[in-house]
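Below is the file target-v4.txt, which contains compact mmCIF, C-alpha atoms.
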```txt
# COMPACT_ATOMS: atom_id res chain seq x y z
CA MET A 1 2.52 17.30 -0.36
CA PRO A 2 5.97 18.77 0.46
CA VAL A 3 8.41 17.14 2.86
CA LYS A 4 9.93 19.14 5.71
CA SER A 5 13.61 18.99 6.68
CA PHE A 6 15.40 20.52 9.67
CA ARG A 7 18.55 22.42 10.57
CA PRO A 8 21.03 19.89 12.03
CA LEU A 9 20.92 21.15 15.61
CA THR A 10 21.17 17.54 16.82
CA PRO A 11 22.74 14.49 15.15
CA SER A 12 19.35 12.98 14.29
CA THR A 13 17.77 16.12 12.80
CA ARG A 14 20.53 16.18 10.20
CA TYR A 15 18.73 13.39 8.35
CA ILE A 16 15.10 13.49 9.51
CA THR A 17 12.40 14.49 7.06
CA ILE A 18 8.69 14.50 7.86
CA ALA A 19 5.48 14.96 5.91
CA SER A 20 3.97 18.42 6.13
CA PHE A 21 0.38 17.17 6.64
CA ASP A 22 -0.91 20.35 4.96
CA GLU A 23 -3.73 18.45 3.27
CA ILE A 24 -5.12 17.06 6.56
CA THR A 25 -8.37 18.85 7.46
CA LYS A 26 -9.62 16.69 10.36
CA THR A 27 -7.43 15.33 13.15
CA LYS A 28 -9.76 12.86 14.92
CA PRO A 29 -11.39 9.92 13.11
CA GLU A 30 -15.09 9.05 13.03
CA LYS A 31 -15.79 6.94 16.12
CA ASN A 32 -18.13 4.53 14.34
CA LEU A 33 -15.59 3.92 11.54
CA VAL A 34 -12.64 2.79 13.69
CA PHE A 35 -11.91 -0.30 15.75
CA THR A 36 -9.09 -1.53 17.95
CA ARG A 37 -6.89 -4.41 16.84
CA LYS A 38 -4.62 -6.03 19.39
CA LYS A 39 -0.96 -6.02 18.40
CA THR A 40 0.57 -9.45 17.82
CA GLY A 41 4.23 -8.63 18.44
CA GLY A 42 5.01 -10.83 15.44
CA ARG A 43 3.49 -13.90 17.09
CA ASN A 44 1.03 -16.38 15.64
CA SER A 45 -1.94 -18.07 17.32
CA HIS A 46 0.44 -20.46 19.13
CA GLY A 47 2.42 -17.61 20.67
CA ARG A 48 5.51 -18.31 18.56
CA ILE A 49 7.38 -15.49 16.81
CA THR A 50 6.86 -15.81 13.06
CA SER A 51 7.82 -12.24 12.11
CA ARG A 52 10.95 -11.02 13.86
CA GLY A 53 11.60 -7.40 14.77
CA ARG A 54 8.01 -6.53 15.63
CA GLY A 55 6.66 -5.21 18.92
CA GLN A 56 5.64 -2.23 21.05
CA GLY A 57 5.02 0.99 19.11
CA HIS A 58 2.39 3.66 19.49
CA LYS A 59 -1.27 2.79 19.96
CA GLN A 60 -3.16 2.76 16.63
CA LYS A 61 -6.81 2.62 15.64
CA VAL A 62 -7.79 0.73 12.49
CA ARG A 63 -9.92 2.71 10.03
CA ASN A 64 -12.70 0.79 8.30
CA VAL A 65 -12.06 1.71 4.66
CA ASP A 66 -14.66 1.13 1.94
CA PHE A 67 -12.79 -0.61 -0.87
CA LYS A 68 -15.95 -1.94 -2.55
CA ARG A 69 -17.64 1.42 -3.23
CA ASP A 70 -20.93 -0.48 -3.51
CA LYS A 71 -23.31 2.47 -3.00
CA ARG A 72 -23.81 2.73 -6.75
CA GLY A 73 -25.46 5.75 -8.30
CA MET A 74 -25.61 7.71 -5.02
CA GLU A 75 -23.74 10.98 -4.76
CA ALA A 76 -21.33 11.59 -1.90
CA LYS A 77 -19.60 14.71 -0.66
CA VAL A 78 -15.98 14.81 0.54
CA VAL A 79 -16.22 16.00 4.15
CA ALA A 80 -12.56 15.76 5.22
CA ILE A 81 -9.08 14.45 4.39
CA GLU A 82 -7.63 12.44 7.27
CA TYR A 83 -4.42 10.72 8.33
CA ASP A 84 -4.28 6.94 8.64
CA PRO A 85 -1.49 5.56 10.88
CA LEU A 86 -1.66 2.11 9.27
CA ARG A 87 -1.21 3.04 5.61
CA SER A 88 0.95 5.37 3.53
CA ALA A 89 -2.00 7.02 1.75
CA ARG A 90 -4.42 9.55 3.17
CA LEU A 91 -8.13 8.86 3.66
CA ALA A 92 -11.09 10.86 2.42
CA LEU A 93 -14.26 10.89 4.53
CA LEU A 94 -17.38 10.74 2.34
CA GLU A 95 -20.91 11.61 3.40
CA TYR A 96 -23.64 10.17 1.17
CA THR A 97 -26.99 11.80 0.55
CA ASP A 98 -28.66 9.30 2.91
CA GLY A 99 -26.37 10.48 5.75
CA GLU A 100 -24.02 7.47 5.85
CA LYS A 101 -20.29 8.18 6.16
CA ARG A 102 -17.49 6.05 4.72
CA TYR A 103 -13.73 6.23 4.28
CA ILE A 104 -12.00 5.81 0.93
CA VAL A 105 -8.34 6.03 -0.10
CA ALA A 106 -7.82 9.68 -1.06
CA PRO A 107 -6.63 10.21 -4.66
CA ASN A 108 -4.18 12.96 -5.55
CA GLY A 109 -5.90 16.31 -6.08
CA LEU A 110 -9.14 15.46 -4.26
CA LYS A 111 -10.44 18.47 -2.32
CA VAL A 112 -12.96 18.89 0.49
CA GLY A 113 -16.38 19.65 -0.94
CA ALA A 114 -15.94 17.57 -4.10
CA LYS A 115 -18.86 15.37 -5.22
CA LEU A 116 -18.11 11.71 -5.94
CA MET A 117 -20.09 8.79 -7.30
CA SER A 118 -19.60 5.12 -8.10
CA GLY A 119 -21.20 2.95 -10.75
CA ALA A 120 -21.24 2.42 -14.51
CA VAL A 121 -23.00 5.77 -15.07
CA ALA A 122 -20.47 7.78 -13.03
CA PRO A 123 -18.32 10.22 -15.07
CA PRO A 124 -14.58 9.35 -15.33
CA GLU A 125 -13.45 12.01 -12.86
CA ILE A 126 -10.99 11.89 -9.96
CA GLY A 127 -12.35 9.84 -7.07
CA ASN A 128 -15.21 8.20 -8.96
CA SER A 129 -15.36 4.39 -9.06
CA LEU A 130 -16.14 2.78 -12.45
CA PRO A 131 -15.98 -0.68 -14.03
CA LEU A 132 -12.97 -1.14 -16.30
CA LYS A 133 -15.21 -1.39 -19.36
CA THR A 134 -16.17 2.30 -18.97
CA VAL A 135 -12.75 3.67 -17.94
CA PRO A 136 -11.15 5.68 -20.79
CA ILE A 137 -7.93 4.23 -22.20
CA GLY A 138 -4.78 5.82 -20.75
CA LEU A 139 -6.43 7.22 -17.63
CA PRO A 140 -4.64 6.55 -14.28
CA ILE A 141 -6.59 4.35 -11.85
CA HIS A 142 -6.14 2.87 -8.38
CA ASN A 143 -8.01 0.65 -5.86
CA LEU A 144 -8.32 -2.03 -8.53
CA GLU A 145 -10.41 -5.17 -8.03
CA ILE A 146 -9.02 -8.59 -8.94
CA THR A 147 -12.36 -10.38 -8.62
CA PRO A 148 -15.57 -8.49 -9.54
CA GLY A 149 -17.44 -7.44 -6.41
CA LYS A 150 -14.69 -8.38 -3.95
CA GLY A 151 -13.39 -4.85 -3.48
CA GLY A 152 -10.15 -3.13 -4.47
CA GLN A 153 -7.04 -5.13 -3.64
CA MET A 154 -4.33 -3.62 -5.85
CA VAL A 155 -2.73 -0.16 -6.27
CA ARG A 156 -3.67 1.27 -2.87
CA SER A 157 -0.36 2.66 -1.52
CA ALA A 158 0.78 6.28 -1.68
CA GLY A 159 1.60 7.58 -5.15
CA GLY A 160 0.50 4.41 -6.93
CA SER A 161 -1.42 4.33 -10.20
CA ALA A 162 -2.19 1.83 -12.94
CA VAL A 163 -3.22 2.48 -16.55
CA VAL A 164 -5.85 0.79 -18.72
CA MET A 165 -4.07 -0.03 -22.00
CA SER A 166 -6.71 -1.83 -24.05
CA ARG A 167 -9.89 -3.95 -23.90
CA ASP A 168 -10.74 -7.13 -25.76
CA GLU A 169 -13.07 -10.14 -25.35
CA GLY A 170 -14.39 -9.13 -21.93
CA TYR A 171 -10.97 -8.36 -20.46
CA ALA A 172 -9.02 -5.15 -19.94
CA GLN A 173 -5.24 -5.03 -20.14
CA VAL A 174 -3.84 -2.95 -17.27
CA ARG A 175 -0.25 -1.88 -16.68
CA LEU A 176 0.42 -2.04 -12.94
CA PRO A 177 2.90 0.17 -11.02
CA SER A 178 5.45 -2.67 -11.04
CA GLY A 179 5.47 -2.67 -14.86
CA GLU A 180 3.52 -5.91 -15.08
CA ILE A 181 0.79 -6.01 -17.72
CA ARG A 182 -2.15 -8.10 -16.61
CA ARG A 183 -5.66 -8.96 -17.81
CA PHE A 184 -8.62 -8.11 -15.59
CA ASN A 185 -12.31 -8.85 -16.02
CA GLU A 186 -13.82 -5.68 -17.48
CA ASN A 187 -16.53 -5.79 -14.78
CA CYS A 188 -13.89 -5.19 -12.09
CA PHE A 189 -14.20 -1.74 -10.53
CA ALA A 190 -11.38 0.78 -10.16
CA THR A 191 -11.16 4.34 -8.91
CA ILE A 192 -10.05 7.16 -11.20
CA GLY A 193 -6.84 8.99 -10.33
CA GLN A 194 -3.48 8.45 -8.66
CA VAL A 195 -3.26 7.67 -4.95
CA GLY A 196 -2.38 10.80 -2.99
CA ASN A 197 0.52 11.57 -0.62
CA THR A 198 2.93 11.15 -3.53
CA GLU A 199 5.94 12.42 -1.54
CA HIS A 200 5.71 9.61 1.00
CA GLU A 201 8.73 7.82 -0.49
CA ASN A 202 10.90 10.86 0.36
CA VAL A 203 10.21 10.65 4.11
CA ILE A 204 13.35 9.59 6.04
CA LEU A 205 12.95 8.31 9.60
CA GLY A 206 16.41 9.56 10.51
CA LYS A 207 16.69 7.89 13.92
CA ALA A 208 15.90 4.58 15.58
CA GLY A 209 13.24 6.10 17.83
CA ARG A 210 10.89 6.89 14.93
CA GLY A 211 11.10 3.27 13.89
CA ARG A 212 10.25 2.14 17.41
CA HIS A 213 7.16 4.37 17.36
CA ARG A 214 6.02 2.34 14.36
CA GLY A 215 6.55 -0.97 16.13
CA PHE A 216 9.89 -1.90 14.52
CA ARG A 217 12.35 -3.48 16.95
CA PRO A 218 16.10 -3.84 16.32
CA LEU A 219 17.60 -6.92 14.68
CA SER A 220 21.15 -8.22 15.07
CA ARG A 221 23.12 -8.77 11.88
CA GLY A 222 23.80 -12.38 11.04
CA VAL A 223 27.55 -11.78 10.56
CA ALA A 224 27.74 -10.39 14.13
CA LYS A 225 26.57 -13.71 15.61
CA ASN A 226 28.33 -16.99 16.32
CA PRO A 227 28.19 -19.91 13.87
CA VAL A 228 25.89 -21.80 16.26
CA ASP A 229 23.32 -18.97 16.04
CA HIS A 230 23.40 -18.06 12.34
CA PRO A 231 24.72 -19.54 9.05
CA MET A 232 26.62 -16.29 8.39
CA GLY A 233 28.12 -16.07 11.89
CA GLY A 234 31.72 -16.51 12.98
CA GLY A 235 34.97 -15.72 11.20
CA ALA A 236 38.21 -14.04 12.20
CA GLY A 237 37.62 -10.29 12.35
CA LYS A 238 34.85 -8.66 10.35
CA THR A 239 33.75 -11.00 7.59
CA SER A 240 30.54 -11.83 5.77
CA GLY A 241 31.58 -15.43 5.30
CA GLY A 242 31.81 -15.18 1.53
CA GLY A 243 28.38 -16.73 1.04
CA HIS A 244 25.06 -15.40 -0.15
CA PRO A 245 22.94 -13.59 2.50
CA VAL A 246 20.55 -16.03 4.14
CA THR A 247 18.05 -16.14 7.00
CA PRO A 248 18.88 -17.86 10.31
CA TRP A 249 17.35 -20.99 8.75
CA GLY A 250 19.47 -20.88 5.61
CA VAL A 251 16.86 -19.51 3.16
CA ILE A 252 18.31 -17.11 0.56
CA THR A 253 17.16 -13.55 1.24
CA LYS A 254 17.97 -11.68 -1.99
CA GLY A 255 16.67 -12.67 -5.39
CA PHE A 256 14.99 -15.86 -4.17
CA LYS A 257 11.68 -16.20 -6.04
CA THR A 258 8.81 -17.21 -3.78
CA ARG A 259 5.97 -17.14 -6.34
CA GLN A 260 4.70 -20.56 -7.44
CA ARG A 261 5.72 -21.34 -11.01
CA HIS A 262 2.39 -22.92 -11.91
CA LYS A 263 -0.02 -20.55 -10.21
CA GLN A 264 -3.60 -20.44 -11.52
CA SER A 265 -3.53 -16.67 -12.08
CA ASN A 266 -0.43 -16.88 -14.31
CA ARG A 267 -2.71 -17.09 -17.34
CA PHE A 268 -3.80 -13.49 -16.77
CA ILE A 269 -0.24 -12.10 -16.80
CA ILE A 270 0.82 -10.93 -20.27
CA VAL A 271 4.14 -9.23 -19.44
CA ARG A 272 6.04 -9.80 -16.22
CA ARG A 273 7.33 -6.89 -14.20
CA ASP A 274 10.87 -7.58 -15.43
CA GLY A 275 9.67 -7.02 -19.01
CA ARG A 276 9.67 -10.68 -20.13
CA PRO A 277 6.56 -12.22 -21.67
CA MET A 278 4.90 -14.75 -19.38
CA LYS A 279 5.21 -17.54 -21.97
CA GLN A 280 9.00 -17.66 -21.44
CA LEU A 281 8.54 -19.24 -17.99
```
Written form, structure tokens:
Amino acid sequence: MPVKSFRPLTPSTRYITIASFDEITKTKPEKNLVFTRKKTGGRNSHGRITSRGRGQGHKQKVRNVDFKRDKRGMEAKVVAIEYDPLRSARLALLEYTDGEKRYIVAPNGLKVGAKLMSGAVAPPEIGNSLPLKTVPIGLPIHNLEITPGKGGQMVRSAGGSAVVMSRDEGYAQVRLPSGEIRRFNENCFATIGQVGNTEHENVILGKAGRGRHRGFRPLSRGVAKNPVDHPMGGGAGKTSGGGHPVTPWGVITKGFKTRQRHKQSNRFIIVRRDGRPMKQL
């Protein structure tokens, strides 16, 4: 998917790039596969702001995506490739032989009219969903389950792909997009191929208005505030205070590790994403 740029006829178009949307074949979603979700504006159930800089934005419908692919052994035809406003990847609309329609995350190279299938007997072809024990070594995968039967939870964003490296004692070693090597139960399902819309990372908003359309509101810099309002505020002239960047509540914002050191799932991690073996923790 190429990215379009513009002649700089205005200050904003000098930087703006947009997706071409050439692969989109259907502009309106299936009515029975969407639902409306009220926007929170960054507020929790008590009405207090817990995520700053959120609010307004264009109206969006949530697509009900099938991450489980639990219609095993039944063939489905790709009817359309659609846009999803709430995710970076595109969606593929499948129609099964019994007439039911479902959305899946569209892998790179999937075309309208292709036939897909899920299950242990499905061939390892793009868009098919297989358990890790039948996925060929070295083949790119996405929509990866963490717990068998729970549905894909990992590797779902645009351009993402993981690789099955080896299998042993009921587990498959998978290298994730972050570089982490992790063990998964070989009965976990994954979809063959790389997630589509690979050029998404090259899209540049270019102006504040495109961010507002997405529901992103402006935030004031901490160094622009007074000391009473922010730990990094105050100072004569323009100054960052000489300290490490922190939140308004003093929590370090860069490099501060938030993962629990003794998490139960640590035993499945073989190599961390920074390249260190897990046993060095």
Set out as a tab-separated table a contact list for region 146-175 of chain A and region 262-270 of chain A with a cut-off of 12 Å, giving each residue of region 146-175 of chain A that qualifies its closest atom pair and distance in Å to one decimal, counting only C-alpha atoms, ordered by chain and rising residue number.
```
residue	atom	partner	partner_atom	distance
A:Ile146	CA	A:Ser265	CA	10.3
A:Thr147	CA	A:Ser265	CA	11.4
A:Tyr171	CA	A:Phe268	CA	9.6
A:Ala172	CA	A:Phe268	CA	10.3
A:Gln173	CA	A:Ile270	CA	8.5
A:Val174	CA	A:Ile270	CA	9.7
A:Arg175	CA	A:Ile270	CA	9.8
```
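One finds CA of Gln56 (chain A) at 25.5 Å from CA of Thr10 (chain A).
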May I ask which of the residues A:Ile192, A:Met154, A:Leu139, A:Leu219 is the closest one to Ser166 (chain A), counting all atoms listed in the file? A:Leu139
Find the residues around Ala224 (chain A) up to 8 Å (only C-alpha atoms counted), leave out those fewer than 3 positions away in its own chain, and share them as a list in words. Ser220, Arg221, Gly233 and Gly234 of chain A
Considering only C-alpha atoms, state which residue in the set A:Met74, A:Val246, A:Val3, A:Met117 is at the smallest distance from Ile18 (chain A). A:Val3
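Among the candidate residues A:Ala190, A:Ala122, A:Ile181, A:Leu205, the one lying nearest to Gly149 (chain A) is A:Ala190, with distances computed using all atoms listed in the file.
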Any idea what's packed within 6 Å of Ile141 (chain A), counting all atoms listed in the file, ignoring anything in its chain fewer than 4 positions away? Could you give it as a list in words? Ser161, Ala162, Thr191, Ile192 and Gly193 of chain A
Mind giving me the axis-aligned box for region 172-184 of chain A with 3 Å on every side, centre plus edges in Å to one decimal, as AutoDock Vina command-line options?
```
--center_x -1.8 --center_y -4.4 --center_z -15.6 --size_x 20.5 --size_y 15.1 --size_z 15.1
```
Non-local contacts of Asn202 (chain A) (12 Å; only C-alpha atoms; under 6 positions in same chain excluded) as a PDB file with C-alpha atoms, keeping the file's coordinate frame:
```pdb
ATOM      1  CA  MET A   1       2.520  17.300  -0.360  1.00  0.00           C
ATOM      2  CA  PRO A   2       5.970  18.770   0.460  1.00  0.00           C
ATOM      3  CA  VAL A   3       8.410  17.140   2.860  1.00  0.00           C
ATOM      4  CA  LYS A   4       9.930  19.140   5.710  1.00  0.00           C
ATOM      5  CA  SER A   5      13.610  18.990   6.680  1.00  0.00           C
ATOM      6  CA  TYR A  15      18.730  13.390   8.350  1.00  0.00           C
ATOM      7  CA  ILE A  16      15.100  13.490   9.510  1.00  0.00           C
ATOM      8  CA  THR A  17      12.400  14.490   7.060  1.00  0.00           C
ATOM      9  CA  ILE A  18       8.690  14.500   7.860  1.00  0.00           C
ATOM     10  CA  ALA A  19       5.480  14.960   5.910  1.00  0.00           C
ATOM     11  CA  SER A  20       3.970  18.420   6.130  1.00  0.00           C
ATOM     12  CA  SER A  88       0.950   5.370   3.530  1.00  0.00           C
ATOM     13  CA  ALA A 158       0.780   6.280  -1.680  1.00  0.00           C
ATOM     14  CA  GLY A 159       1.600   7.580  -5.150  1.00  0.00           C
TER      15      GLY A 159
END
```
Kindly output region 36-48 of chain A as a CSV table (one decimal), in the frame of the given file, after building N, CA and C atoms.
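Contents of result_36.csv, as written:
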```csv
chain,number,residue,atom,x,y,z
A,36,THR,N,-10.4,-1.2,17.4
A,36,THR,CA,-9.1,-1.5,18.0
A,36,THR,C,-8.7,-2.9,17.6
A,37,ARG,N,-7.4,-3.1,17.1
A,37,ARG,CA,-6.9,-4.4,16.8
A,37,ARG,C,-5.7,-4.6,17.7
A,38,LYS,N,-5.7,-5.7,18.5
A,38,LYS,CA,-4.6,-6.0,19.4
A,38,LYS,C,-3.3,-6.3,18.6
A,39,LYS,N,-2.2,-5.8,19.1
A,39,LYS,CA,-1.0,-6.0,18.4
A,39,LYS,C,-0.5,-7.4,18.7
A,40,THR,N,0.1,-8.1,17.7
A,40,THR,CA,0.6,-9.4,17.8
A,40,THR,C,2.0,-9.6,18.3
A,41,GLY,N,2.8,-8.5,18.1
A,41,GLY,CA,4.2,-8.6,18.4
A,41,GLY,C,5.0,-9.6,17.6
A,42,GLY,N,4.4,-9.9,16.4
A,42,GLY,CA,5.0,-10.8,15.4
A,42,GLY,C,4.7,-12.3,15.8
A,43,ARG,N,3.8,-12.5,16.7
A,43,ARG,CA,3.5,-13.9,17.1
A,43,ARG,C,2.2,-14.4,16.5
A,44,ASN,N,2.2,-15.8,16.2
A,44,ASN,CA,1.0,-16.4,15.6
A,44,ASN,C,0.1,-16.9,16.7
A,45,SER,N,-0.9,-17.6,16.4
A,45,SER,CA,-1.9,-18.1,17.3
A,45,SER,C,-1.4,-19.0,18.4
A,46,HIS,N,-0.2,-19.6,18.1
A,46,HIS,CA,0.4,-20.5,19.1
A,46,HIS,C,1.4,-19.7,20.0
A,47,GLY,N,1.5,-18.4,19.8
A,47,GLY,CA,2.4,-17.6,20.7
A,47,GLY,C,3.9,-17.6,20.2
A,48,ARG,N,4.1,-18.2,19.1
A,48,ARG,CA,5.5,-18.3,18.6
A,48,ARG,C,5.8,-17.1,17.6
```
